[in-house]
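*Asks:* Input file: coords_36.csv. Contents: CSV, C-alpha atoms.
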chain,number,residue,atom,x,y,z
H,274,MET,CA,-11.7,-39.5,14.0
H,275,TYR,CA,-12.5,-35.9,14.8
H,276,SER,CA,-12.8,-32.5,13.1
H,277,PHE,CA,-10.9,-29.6,14.4
H,278,ARG,CA,-11.8,-27.6,11.3
H,279,ASN,CA,-14.1,-25.1,13.1
H,280,ASP,CA,-16.4,-24.5,16.1
H,281,TYR,CA,-19.7,-24.9,14.3
H,282,SER,CA,-19.4,-28.5,13.0
H,283,GLU,CA,-21.9,-29.7,15.7
H,284,GLY,CA,-25.5,-28.8,15.7
H,285,ALA,CA,-26.6,-27.1,18.9
H,286,HIS,CA,-26.4,-27.6,22.7
H,287,PRO,CA,-29.2,-29.8,24.0
H,288,ASN,CA,-30.7,-26.9,26.0
H,289,VAL,CA,-31.1,-24.9,22.8
H,290,LEU,CA,-32.8,-27.8,21.0
H,291,ARG,CA,-35.0,-28.5,24.0
H,292,ALA,CA,-36.1,-24.8,24.1
H,293,LEU,CA,-36.9,-24.9,20.4
H,294,ALA,CA,-38.9,-28.1,20.8
H,295,GLN,CA,-40.8,-26.7,23.8
H,296,THR,CA,-41.8,-23.5,22.0
H,297,ASN,CA,-42.4,-25.2,18.7
H,298,ALA,CA,-46.2,-25.0,18.8
H,299,ALA,CA,-46.3,-21.4,20.2
H,300,GLN,CA,-47.9,-18.9,17.9
H,301,THR,CA,-46.2,-15.5,17.7
H,302,CYS,CA,-45.8,-12.5,15.4
H,303,GLY,CA,-42.9,-12.6,13.0
H,304,TYR,CA,-39.8,-10.7,12.1
H,305,GLY,CA,-38.1,-10.7,15.5
H,306,LEU,CA,-40.9,-8.7,17.2
H,307,ASP,CA,-42.1,-11.7,19.2
H,308,PRO,CA,-42.0,-12.1,23.0
H,309,PHE,CA,-38.9,-14.5,22.8
H,310,CYS,CA,-36.8,-12.0,20.9
H,311,LEU,CA,-38.0,-9.1,23.0
H,312,GLU,CA,-37.1,-10.9,26.2
H,313,ALA,CA,-33.7,-12.1,24.9
H,314,ALA,CA,-33.0,-8.5,23.9
H,315,ALA,CA,-33.9,-7.3,27.3
H,316,GLN,CA,-31.6,-9.9,28.9
H,317,ILE,CA,-28.7,-8.7,26.7
H,318,ARG,CA,-29.2,-5.1,27.6
H,319,THR,CA,-29.2,-6.0,31.2
H,320,LEU,CA,-26.0,-8.0,30.8
H,321,CYS,CA,-24.4,-5.1,28.9
H,322,ARG,CA,-25.7,-2.5,31.4
H,323,ALA,CA,-26.9,-0.6,28.4
H,324,PRO,CA,-30.6,0.1,28.8
H,325,GLU,CA,-30.7,2.4,25.8
H,326,ALA,CA,-29.0,0.1,23.4
H,327,GLU,CA,-30.7,-1.5,20.4
H,328,VAL,CA,-30.5,-5.3,20.1
H,329,HIS,CA,-31.2,-7.1,16.8
H,330,PHE,CA,-30.9,-10.8,15.9
H,331,LEU,CA,-29.5,-11.9,12.6
H,332,THR,CA,-28.8,-15.3,11.2
H,333,GLY,CA,-25.0,-15.3,10.6
H,334,GLY,CA,-21.8,-13.5,11.0
H,335,THR,CA,-21.2,-12.3,7.4
H,336,GLN,CA,-24.8,-11.0,7.3
H,337,THR,CA,-24.3,-9.2,10.5
H,338,ASN,CA,-21.1,-7.5,9.3
H,339,LEU,CA,-22.5,-6.6,6.0
H,340,VAL,CA,-25.8,-5.1,7.3
H,341,THR,CA,-24.2,-3.2,10.2
H,342,ILE,CA,-21.3,-1.7,8.2
H,343,ASP,CA,-23.5,-0.7,5.3
H,344,ALA,CA,-26.0,0.9,7.6
H,345,LEU,CA,-23.4,2.9,9.6
H,346,LEU,CA,-21.6,4.3,6.5
H,347,GLN,CA,-22.4,6.8,3.8
H,348,PRO,CA,-21.6,5.7,0.2
H,349,CYS,CA,-18.2,7.3,0.0
H,350,GLU,CA,-17.0,6.0,3.4
H,351,ALA,CA,-14.7,3.1,4.0
H,352,VAL,CA,-13.7,0.6,6.6
H,353,ILE,CA,-10.3,0.1,8.3
H,354,ALA,CA,-9.4,-3.5,9.1
H,355,ALA,CA,-6.5,-5.8,9.6
H,356,HIS,CA,-5.4,-7.7,6.5
H,357,THR,CA,-6.4,-10.9,8.3
H,358,GLY,CA,-9.9,-9.6,9.2
H,359,HIS,CA,-12.9,-11.6,8.3
H,360,ILE,CA,-14.3,-8.9,6.1
H,361,SER,CA,-11.0,-8.7,4.3
H,362,VAL,CA,-10.5,-12.3,3.3
H,363,HIS,CA,-13.5,-14.6,4.3
H,364,GLU,CA,-16.6,-12.8,3.1
H,365,ALA,CA,-16.3,-12.9,-0.7
H,366,GLY,CA,-16.1,-9.1,-1.0
H,367,ALA,CA,-19.4,-8.6,0.8
H,368,ILE,CA,-18.5,-5.2,2.2
H,369,GLU,CA,-17.1,-4.0,-1.2
H,370,ALA,CA,-20.3,-5.2,-2.9
H,371,THR,CA,-22.2,-2.7,-0.8
H,372,GLY,CA,-20.0,0.0,-2.2
H,373,HIS,CA,-17.7,0.4,0.8
H,374,LYS,CA,-13.9,-0.1,0.4
H,375,VAL,CA,-12.1,-2.1,3.0
H,376,CYS,CA,-8.7,-0.5,3.8
H,377,ALA,CA,-6.8,-3.6,4.9
H,378,VAL,CA,-3.7,-2.9,6.9
H,379,PRO,CA,-0.9,-5.4,7.6
H,380,SER,CA,-1.1,-6.7,11.2
H,381,PRO,CA,1.4,-8.8,12.9
H,382,ASP,CA,-1.1,-10.4,15.3
H,383,GLY,CA,-4.5,-9.9,13.8
H,384,LYS,CA,-5.3,-6.9,15.9
H,385,VAL,CA,-5.8,-3.3,14.8
H,386,SER,CA,-3.7,-0.7,16.6
H,387,CYS,CA,-4.0,3.1,16.8
H,388,GLU,CA,-0.9,3.4,14.7
H,389,MET,CA,-2.5,1.4,11.9
H,390,VAL,CA,-5.7,3.5,12.1
H,391,GLU,CA,-3.7,6.7,11.9
H,392,SER,CA,-1.7,5.5,9.0
H,393,VAL,CA,-4.9,5.0,7.0
H,394,VAL,CA,-6.4,8.3,8.0
H,395,ARG,CA,-3.2,10.1,7.0
H,396,SER,CA,-3.1,8.5,3.6
H,397,HIS,CA,-6.7,9.3,2.7
H,398,SER,CA,-6.7,13.1,2.7
H,399,SER,CA,-8.2,13.9,-0.7
H,400,GLU,CA,-11.7,14.1,-2.1
H,401,HIS,CA,-10.5,11.7,-4.8
H,402,MET,CA,-10.2,9.0,-2.2
H,403,VAL,CA,-12.7,7.2,0.1
H,404,ILE,CA,-13.2,8.6,3.6
H,405,PRO,CA,-12.1,6.2,6.4
H,406,ARG,CA,-15.1,6.2,8.8
H,407,LEU,CA,-15.3,2.9,10.6
H,408,VAL,CA,-12.7,0.7,12.3
H,409,TYR,CA,-13.6,-3.0,12.1
H,410,ILE,CA,-12.1,-5.4,14.7
H,411,SER,CA,-12.9,-8.9,15.8
H,412,ASP,CA,-12.6,-10.6,19.2
H,413,THR,CA,-11.2,-13.1,19.1
H,414,THR,CA,-9.3,-12.2,15.9
H,415,GLU,CA,-8.8,-14.6,13.0
H,416,THR,CA,-5.5,-15.5,14.5
H,417,GLY,CA,-7.0,-16.4,17.9
H,418,THR,CA,-5.6,-13.3,19.7
H,419,VAL,CA,-7.7,-11.3,22.1
H,420,TYR,CA,-7.9,-7.6,22.8
H,421,THR,CA,-7.3,-6.2,26.3
H,422,LYS,CA,-9.4,-3.5,27.8
H,423,ALA,CA,-6.4,-1.1,27.5
H,424,GLU,CA,-6.2,-1.8,23.8
H,425,LEU,CA,-9.9,-1.2,23.3
H,426,THR,CA,-9.8,1.9,25.3
H,427,ALA,CA,-6.9,3.3,23.3
H,428,LEU,CA,-8.7,2.4,20.1
H,429,ARG,CA,-11.8,4.2,21.3
H,430,ARG,CA,-9.8,7.3,22.0
H,431,CYS,CA,-8.1,7.1,18.6
H,432,CYS,CA,-11.5,6.7,16.9
H,433,ASP,CA,-13.0,9.6,18.8
H,434,SER,CA,-10.0,11.9,17.8
H,435,HIS,CA,-10.6,11.1,14.1
H,436,GLY,CA,-14.4,11.0,14.1
H,437,LEU,CA,-14.4,7.2,13.5
H,438,LEU,CA,-16.9,4.6,14.5
H,439,LEU,CA,-15.7,1.4,16.2
H,440,TYR,CA,-17.4,-1.9,15.4
H,441,LEU,CA,-16.4,-5.3,16.9
H,442,ASP,CA,-17.3,-8.6,15.3
H,443,GLY,CA,-18.0,-11.0,18.1
H,444,ALA,CA,-18.5,-14.2,16.2
H,445,ARG,CA,-16.1,-15.8,18.8
H,446,LEU,CA,-16.8,-13.3,21.5
H,447,GLY,CA,-17.5,-16.0,24.1
H,448,SER,CA,-14.0,-17.4,23.7
H,449,ALA,CA,-12.6,-13.9,24.1
H,450,LEU,CA,-14.5,-13.1,27.2
H,451,THR,CA,-13.7,-16.3,29.0
H,452,CYS,CA,-10.1,-17.1,28.1
H,453,SER,CA,-7.3,-17.0,30.6
H,454,GLY,CA,-6.2,-13.4,31.3
H,455,ALA,CA,-9.3,-11.8,29.7
H,456,ASP,CA,-10.2,-8.4,31.3
H,457,VAL,CA,-13.0,-7.3,29.0
H,458,THR,CA,-16.7,-7.5,29.8
H,459,LEU,CA,-19.9,-7.0,28.0
H,460,PRO,CA,-20.5,-3.6,29.7
H,461,ASP,CA,-17.0,-2.6,28.6
H,462,LEU,CA,-17.9,-3.4,25.0
H,463,ALA,CA,-21.1,-1.5,25.3
H,464,SER,CA,-19.3,1.6,26.5
H,465,LEU,CA,-16.2,1.3,24.2
H,466,THR,CA,-17.7,0.4,20.8
H,467,ASP,CA,-20.5,1.9,18.7
H,468,ALA,CA,-21.7,-1.6,17.8
H,469,PHE,CA,-20.7,-5.2,18.5
H,470,SER,CA,-22.1,-8.7,18.0
H,471,ILE,CA,-22.4,-11.7,20.3
H,472,GLY,CA,-21.9,-14.8,18.2
H,473,GLY,CA,-24.2,-17.8,18.8
H,474,THR,CA,-23.4,-19.8,15.7
H,475,LYS,CA,-19.9,-20.7,17.0
H,476,ASN,CA,-21.0,-21.2,20.6
H,477,GLY,CA,-23.8,-23.6,20.9
H,478,ALA,CA,-26.6,-22.2,18.7
H,479,LEU,CA,-28.0,-23.8,15.6
H,480,PHE,CA,-27.4,-20.3,14.0
H,481,GLY,CA,-27.7,-16.7,15.0
H,482,GLU,CA,-25.9,-13.6,16.1
H,483,ALA,CA,-27.0,-10.8,18.4
H,484,LEU,CA,-26.1,-7.3,17.4
H,485,ILE,CA,-25.9,-4.5,20.0
H,486,LEU,CA,-26.0,-1.0,18.7
H,487,ALA,CA,-24.6,1.2,21.5
H,488,SER,CA,-24.8,4.3,19.3
H,489,PRO,CA,-28.0,5.2,17.3
H,490,CYS,CA,-28.4,4.0,13.8
H,491,PRO,CA,-31.6,5.4,12.3
H,492,ARG,CA,-33.8,3.0,10.4
H,493,PHE,CA,-31.6,0.0,11.1
H,494,ARG,CA,-34.5,-2.5,10.6
H,495,TRP,CA,-35.1,-1.0,7.2
H,496,HIS,CA,-31.4,-1.8,6.3
H,497,MET,CA,-31.9,-5.3,7.7
H,498,LYS,CA,-35.0,-5.9,5.6
H,499,GLN,CA,-33.3,-4.6,2.4
H,500,ARG,CA,-30.4,-7.0,2.9
H,501,GLY,CA,-32.7,-10.0,3.6
H,502,ALA,CA,-31.8,-10.1,7.3
H,503,VAL,CA,-35.3,-9.9,8.8
H,504,LEU,CA,-36.3,-13.5,9.4
H,505,ALA,CA,-40.0,-14.3,9.2
H,506,LYS,CA,-39.6,-16.9,12.0
H,507,GLY,CA,-37.4,-14.5,13.9
H,508,ARG,CA,-38.5,-16.1,17.2
H,509,LEU,CA,-36.2,-19.0,16.4
H,510,LEU,CA,-33.3,-16.6,17.2
H,511,GLY,CA,-34.8,-15.2,20.4
H,512,VAL,CA,-35.5,-18.7,21.7
H,513,GLN,CA,-31.9,-19.8,21.2
H,514,PHE,CA,-30.4,-16.8,22.8
H,515,GLN,CA,-32.7,-17.1,25.8
H,516,ALA,CA,-31.5,-20.7,26.2
H,517,LEU,CA,-27.9,-19.7,25.8
H,518,LEU,CA,-28.1,-16.9,28.3
H,519,LYS,CA,-29.9,-18.8,30.9
H,520,GLU,CA,-27.8,-19.4,34.0
H,521,GLY,CA,-24.6,-18.4,32.1
H,522,LEU,CA,-24.7,-21.3,29.7
H,523,TYR,CA,-23.2,-19.2,26.9
H,524,PHE,CA,-20.1,-18.5,29.0
H,525,ASP,CA,-19.8,-22.0,30.3
H,526,LEU,CA,-19.8,-23.3,26.7
H,527,ALA,CA,-17.1,-20.9,25.6
H,528,ARG,CA,-15.0,-21.6,28.7
H,529,HIS,CA,-15.1,-25.4,27.8
H,530,ALA,CA,-13.9,-24.6,24.3
H,531,ASN,CA,-11.0,-22.6,25.7
H,532,GLU,CA,-10.1,-25.3,28.2
H,533,MET,CA,-10.0,-28.0,25.4
H,534,ALA,CA,-7.8,-25.7,23.3
H,535,GLN,CA,-5.4,-25.2,26.2
H,536,ARG,CA,-5.4,-29.0,26.8
H,537,LEU,CA,-4.5,-29.3,23.1
H,538,ARG,CA,-1.8,-26.7,23.3
H,539,GLN,CA,-0.1,-28.1,26.4
H,540,GLY,CA,-0.1,-31.6,24.7
H,541,LEU,CA,1.5,-30.1,21.6
H,542,GLU,CA,4.1,-28.4,23.6
H,543,ALA,CA,4.9,-31.6,25.5
H,544,LEU,CA,5.4,-33.3,22.1
H,545,GLY,CA,7.9,-30.6,21.0
H,546,CYS,CA,5.4,-28.8,18.8
H,547,PRO,CA,4.9,-25.4,20.3
H,548,ALA,CA,2.2,-23.0,19.2
H,549,ALA,CA,3.1,-20.9,16.2
H,550,TRP,CA,2.1,-17.8,18.3
H,551,ASP,CA,0.4,-17.1,21.5
H,552,SER,CA,-3.4,-17.7,21.3
H,553,PRO,CA,-5.3,-18.0,24.6
H,554,SER,CA,-8.5,-18.7,22.7
H,555,ASN,CA,-10.1,-21.8,21.2
H,556,GLN,CA,-8.1,-21.4,18.0
H,557,GLN,CA,-4.6,-22.9,18.1
H,558,PHE,CA,-1.9,-22.7,15.4
H,559,VAL,CA,1.0,-25.2,15.1
H,560,ILE,CA,3.6,-25.8,12.5
H,561,LEU,CA,4.1,-29.4,11.4
H,562,SER,CA,5.9,-31.2,8.6
H,563,ASN,CA,3.8,-31.7,5.4
H,564,SER,CA,4.2,-35.4,5.7
H,565,THR,CA,2.9,-35.4,9.3
H,566,ILE,CA,-0.1,-33.3,8.2
H,567,GLU,CA,-0.9,-35.7,5.4
H,568,ALA,CA,-0.7,-38.6,7.8
H,569,LEU,CA,-3.1,-37.0,10.2
H,570,LYS,CA,-5.5,-36.4,7.4
H,571,THR,CA,-5.2,-40.0,6.3
H,572,ALA,CA,-6.0,-41.0,9.9
H,573,GLY,CA,-9.3,-39.1,9.6
H,574,TYR,CA,-8.5,-35.8,11.3
H,575,GLU,CA,-9.8,-32.5,9.8
H,576,PHE,CA,-8.3,-29.0,10.2
H,577,GLU,CA,-7.5,-26.0,8.2
H,578,THR,CA,-4.1,-25.1,6.7
H,579,ASP,CA,-3.2,-21.6,7.5
H,580,HIS,CA,0.0,-20.8,5.6
H,581,PRO,CA,3.1,-22.6,4.4
H,582,GLU,CA,6.3,-22.3,6.4
H,583,GLY,CA,8.9,-23.1,3.7
H,584,PRO,CA,8.8,-26.0,1.3
H,585,ASP,CA,8.4,-28.8,3.8
H,586,ARG,CA,6.3,-27.4,6.7
H,587,THR,CA,2.9,-25.8,7.1
H,588,CYS,CA,1.0,-24.0,9.8
H,589,ILE,CA,-2.3,-25.6,10.6
H,590,ARG,CA,-5.3,-24.3,12.6
H,591,LEU,CA,-6.9,-26.5,15.2
H,592,VAL,CA,-10.2,-25.2,16.6
H,593,THR,CA,-12.1,-26.7,19.6
H,594,SER,CA,-15.7,-26.1,20.3
H,595,TRP,CA,-18.3,-26.1,23.1
H,596,ALA,CA,-18.8,-29.8,22.3
H,597,THR,CA,-15.2,-31.0,22.0
H,598,PRO,CA,-14.7,-34.0,24.3
H,599,PRO,CA,-11.3,-34.4,26.1
H,600,GLN,CA,-11.0,-37.8,24.6
H,601,ALA,CA,-10.9,-36.3,21.1
H,602,VAL,CA,-8.1,-34.0,22.1
H,603,ASP,CA,-6.1,-36.9,23.7
H,604,ALA,CA,-6.7,-39.2,20.7
H,605,PHE,CA,-5.3,-36.5,18.4
H,606,LEU,CA,-2.3,-36.0,20.5
H,607,ASN,CA,-1.7,-39.8,20.7
H,608,SER,CA,-2.0,-40.0,16.9
H,609,LEU,CA,0.4,-37.1,16.4
H,610,SER,CA,2.9,-38.6,18.9
H,611,ALA,CA,3.0,-41.8,16.9
H,612,LEU,CA,3.9,-39.9,13.8
H,613,LEU,CA,6.7,-37.8,15.3
H,614,PRO,CA,10.4,-38.9,15.3
H,615,ILE,CA,11.5,-40.5,18.5
H,616,ARG,CA,13.5,-37.9,20.5
Could I get this file's structure written as structure tokens?
*Replies:*
Amino acid sequence: MYSFRNDYSEGAHPNVLRALAQTNAAQTCGYGLDPFCLEAAAQIRTLCRAPEAEVHFLTGGTQTNLVTIDALLQPCEAVIAAHTGHISVHEAGAIEATGHKVCAVPSPDGKVSCEMVESVVRSHSSEHMVIPRLVYISDTTETGTVYTKAELTALRRCCDSHGLLLYLDGARLGSALTCSGADVTLPDLASLTDAFSIGGTKNGALFGEALILASPCPRFRWHMKQRGAVLAKGRLLGVQFQALLKEGLYFDLARHANEMAQRLRQGLEALGCPAAWDSPSNQQFVILSNSTIEALKTAGYEFETDHPEGPDRTCIRLVTSWATPPQAVDAFLNSLSALLPIR
């Protein structure tokens, strides 16, 4: 049938593969210092209206988070994150393995608020404790929610008042920037954060993330090298981002993923299965009976289970991608309809 498990099940957009094939025989220097990476970095600085920003290309989201956070922090400094944050639950303790504690705070919607930040700062006031120094957020969040410009502006002010850095994990940034009601732009992120990433892995690339350092981070490439993040064939990353950024393809792909998610959401609501919470992005969460979930799996559909809702029901996550066809969404809804009680 079809997998709604994640947004990186497919390989890459044809334009990306075509660009890689067309440049395959080109000889360049290595380690991301090639013309393809340099041009892609210049494109990103232009899109962000941040001519002084550093742009680095890394292979994956966890690697990007680990290298960036470790490079920005001193040994006794810690990270503030939502309890659902990727670095809190999905990176096998990668941040802690670098010697930096993650101060995870309960969040009702996956976002980090000023109140959450201030509660951590207040509770870490002794030399016997770590020093909160960086706020980690993601957009979209792990629950599919999206930050508004007002929320990011408030966080920036909060961080400034406490001498904190603000880092945004943009593994699904395309979805966040193109979803309905979005009011945040790349220039906004360049001015409101100290660092943020633009995810390619989950939006049409074979692999790769672009990291934008809006604030200086001395010797960042040394940190990359020490953590195994300097790719000898770095030009493979530059070529892919060039292809994704050409004529706005990156945003078109993300917009398609969001549209398929909303098609899915509207169909679920029509079947009497409303979303578990409001997510305007390409991640949708719905609560179904355990028997219905098992029947969908037997039919060949794949998805993640998020959390149980009592003994007989479970919240599942359905993720659409840049490559999700409308027919796959409609087929899933038809299969689900056949499993639900007649109303």
*Asks:* Can you work out the spacing between atom CA of Asp585 of chain H and atom CA of Ala604 of chain H in Å, to one decimal?
*Replies:*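 Computing it gives 24.9 Å between the two atoms.
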*Asks:* Could you pull out every residue with an atom within 8 Å of (-28.9, -6.7, 15.8), file coordinates, counting all atoms listed in the file, and send them as JSON, numbers by chain?
*Replies:* {"H": [327, 328, 329, 330, 331, 337, 470, 482, 483, 484, 485, 486]}
*Asks:* Between H:Arg508, H:Lys570, H:His496, H:His397, which residue has the minimum interatomic distance to Thr332 of chain H, considering all atoms listed in the file?
*Replies:*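 Residue with the minimum atom-to-atom distance to Thr332 of chain H: H:Arg508.
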*Asks:* Let me make sure I understand: among H:Gly383, H:Gly511, H:Pro287, H:Pro584, which one has the smallest atom-to-atom distance to Glu312 of chain H if we use only C-alpha atoms?
*Replies:*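 With only C-alpha atoms as the atom set, the closest residue is H:Gly511.
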*Asks:* Which residue is closest to His359 of chain H? Choose from H:Arg278, H:Arg406, H:Arg445, H:His401 and count only C-alpha atoms.
*Replies:*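 Looking only at the distances to His359 of chain H, the closest residue turns out to be H:Arg445.
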*Asks:* Figure out the distance between atom CA of Ala294 of chain H and atom CA of Met533 of chain H, please, to one decimal in Å.
*Replies:*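 These two atoms are separated by 29.3 Å.
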*Asks:* At most 9 Å from (-31.9, -16.3, 25.0), file frame, only C-alpha atoms: which residues, as an MDAnalysis selection string?
*Replies:* chainID H and resid 289 309:310 312:314 316:317 510:519
*Asks:* Set the distance at 10 Å and use all atoms listed in the file: which residues neighbour Asp382 of chain H once local chain neighbours fewer than 3 positions away are removed? I'd like the list as a list in words.
*Replies:* Ala355, Thr357, Pro379, Val385, Thr414, Glu415, Thr416, Gly417, Thr418, Val419, Trp550, Asp551 and Ser552 of chain H
*Asks:* Return the single residue from H:Ala487, H:Val408, H:Met497, H:Leu509 that is closest to Ala299 of chain H, with distances computed using only C-alpha atoms.
*Replies:*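 Going through H:Ala487, H:Val408, H:Met497, H:Leu509 one by one, the smallest distance to Ala299 of chain H is for H:Leu509.
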*Asks:* Need the shell around Pro547 of chain H: protein/DNA/RNA residues with any atom at most 7 Å away, counting all atoms listed in the file. Skip same-chain ones fewer than 4 positions apart. Format as a PyMOL selection string?
*Replies:* chain H and resi 541-542+559
*Asks:* Report the distance between atom CA of Cys387 of chain H and atom CA of Cys321 of chain H in Å, rounded to one decimal place.
*Replies:*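 Atom-to-atom, atom CA of Cys387 of chain H and atom CA of Cys321 of chain H are spaced 25.1 Å apart.
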*Asks:* Can you complete the atoms of segment 459-480 of chain H to N, CA and C atoms and list them as a PDB file, keeping the file's coordinate frame?
*Replies:*
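File produced: part.pdb:
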ATOM      1  N   LEU H 459     -18.878  -7.534  28.856  1.00  0.00           N
ATOM      2  CA  LEU H 459     -19.900  -7.000  28.000  1.00  0.00           C
ATOM      3  C   LEU H 459     -20.211  -5.533  28.251  1.00  0.00           C
ATOM      4  N   PRO H 460     -20.298  -5.082  29.506  1.00  0.00           N
ATOM      5  CA  PRO H 460     -20.500  -3.600  29.700  1.00  0.00           C
ATOM      6  C   PRO H 460     -19.324  -2.813  29.158  1.00  0.00           C
ATOM      7  N   ASP H 461     -18.104  -3.346  29.208  1.00  0.00           N
ATOM      8  CA  ASP H 461     -17.000  -2.600  28.600  1.00  0.00           C
ATOM      9  C   ASP H 461     -17.222  -2.429  27.108  1.00  0.00           C
ATOM     10  N   LEU H 462     -17.662  -3.488  26.442  1.00  0.00           N
ATOM     11  CA  LEU H 462     -17.900  -3.400  25.000  1.00  0.00           C
ATOM     12  C   LEU H 462     -19.004  -2.414  24.674  1.00  0.00           C
ATOM     13  N   ALA H 463     -20.038  -2.406  25.502  1.00  0.00           N
ATOM     14  CA  ALA H 463     -21.100  -1.500  25.300  1.00  0.00           C
ATOM     15  C   ALA H 463     -20.715  -0.027  25.421  1.00  0.00           C
ATOM     16  N   SER H 464     -19.719   0.211  26.262  1.00  0.00           N
ATOM     17  CA  SER H 464     -19.300   1.600  26.500  1.00  0.00           C
ATOM     18  C   SER H 464     -18.124   1.993  25.549  1.00  0.00           C
ATOM     19  N   LEU H 465     -17.389   1.022  25.010  1.00  0.00           N
ATOM     20  CA  LEU H 465     -16.200   1.300  24.200  1.00  0.00           C
ATOM     21  C   LEU H 465     -16.425   1.226  22.699  1.00  0.00           C
ATOM     22  N   THR H 466     -17.489   0.572  22.268  1.00  0.00           N
ATOM     23  CA  THR H 466     -17.700   0.400  20.800  1.00  0.00           C
ATOM     24  C   THR H 466     -19.055   1.121  20.470  1.00  0.00           C
ATOM     25  N   ASP H 467     -19.205   1.359  19.176  1.00  0.00           N
ATOM     26  CA  ASP H 467     -20.500   1.900  18.700  1.00  0.00           C
ATOM     27  C   ASP H 467     -21.440   0.736  18.381  1.00  0.00           C
ATOM     28  N   ALA H 468     -20.876  -0.419  18.065  1.00  0.00           N
ATOM     29  CA  ALA H 468     -21.700  -1.600  17.800  1.00  0.00           C
ATOM     30  C   ALA H 468     -20.800  -2.833  17.982  1.00  0.00           C
ATOM     31  N   PHE H 469     -21.402  -3.920  18.460  1.00  0.00           N
ATOM     32  CA  PHE H 469     -20.700  -5.200  18.500  1.00  0.00           C
ATOM     33  C   PHE H 469     -21.675  -6.321  18.483  1.00  0.00           C
ATOM     34  N   SER H 470     -21.176  -7.498  18.144  1.00  0.00           N
ATOM     35  CA  SER H 470     -22.100  -8.700  18.000  1.00  0.00           C
ATOM     36  C   SER H 470     -21.654  -9.721  19.051  1.00  0.00           C
ATOM     37  N   ILE H 471     -22.636 -10.520  19.434  1.00  0.00           N
ATOM     38  CA  ILE H 471     -22.400 -11.700  20.300  1.00  0.00           C
ATOM     39  C   ILE H 471     -22.744 -12.905  19.459  1.00  0.00           C
ATOM     40  N   GLY H 472     -21.733 -13.681  19.132  1.00  0.00           N
ATOM     41  CA  GLY H 472     -21.900 -14.800  18.200  1.00  0.00           C
ATOM     42  C   GLY H 472     -22.538 -16.011  18.898  1.00  0.00           C
ATOM     43  N   GLY H 473     -23.603 -16.531  18.295  1.00  0.00           N
ATOM     44  CA  GLY H 473     -24.200 -17.800  18.800  1.00  0.00           C
ATOM     45  C   GLY H 473     -23.838 -18.960  17.911  1.00  0.00           C
ATOM     46  N   THR H 474     -23.649 -18.721  16.617  1.00  0.00           N
ATOM     47  CA  THR H 474     -23.400 -19.800  15.700  1.00  0.00           C
ATOM     48  C   THR H 474     -22.193 -20.652  16.105  1.00  0.00           C
ATOM     49  N   LYS H 475     -21.147 -20.003  16.608  1.00  0.00           N
ATOM     50  CA  LYS H 475     -19.900 -20.700  17.000  1.00  0.00           C
ATOM     51  C   LYS H 475     -19.857 -21.012  18.483  1.00  0.00           C
ATOM     52  N   ASN H 476     -21.000 -20.880  19.157  1.00  0.00           N
ATOM     53  CA  ASN H 476     -21.000 -21.200  20.600  1.00  0.00           C
ATOM     54  C   ASN H 476     -22.292 -21.763  21.070  1.00  0.00           C
ATOM     55  N   GLY H 477     -22.727 -22.823  20.396  1.00  0.00           N
ATOM     56  CA  GLY H 477     -23.800 -23.600  20.900  1.00  0.00           C
ATOM     57  C   GLY H 477     -25.188 -23.403  20.293  1.00  0.00           C
ATOM     58  N   ALA H 478     -25.344 -22.400  19.424  1.00  0.00           N
ATOM     59  CA  ALA H 478     -26.600 -22.200  18.700  1.00  0.00           C
ATOM     60  C   ALA H 478     -26.637 -22.957  17.422  1.00  0.00           C
ATOM     61  N   LEU H 479     -27.846 -23.237  16.917  1.00  0.00           N
ATOM     62  CA  LEU H 479     -28.000 -23.800  15.600  1.00  0.00           C
ATOM     63  C   LEU H 479     -27.466 -22.727  14.570  1.00  0.00           C
ATOM     64  N   PHE H 480     -27.849 -21.496  14.814  1.00  0.00           N
ATOM     65  CA  PHE H 480     -27.400 -20.300  14.000  1.00  0.00           C
ATOM     66  C   PHE H 480     -27.861 -19.104  14.770  1.00  0.00           C
TER      67      PHE H 480
END
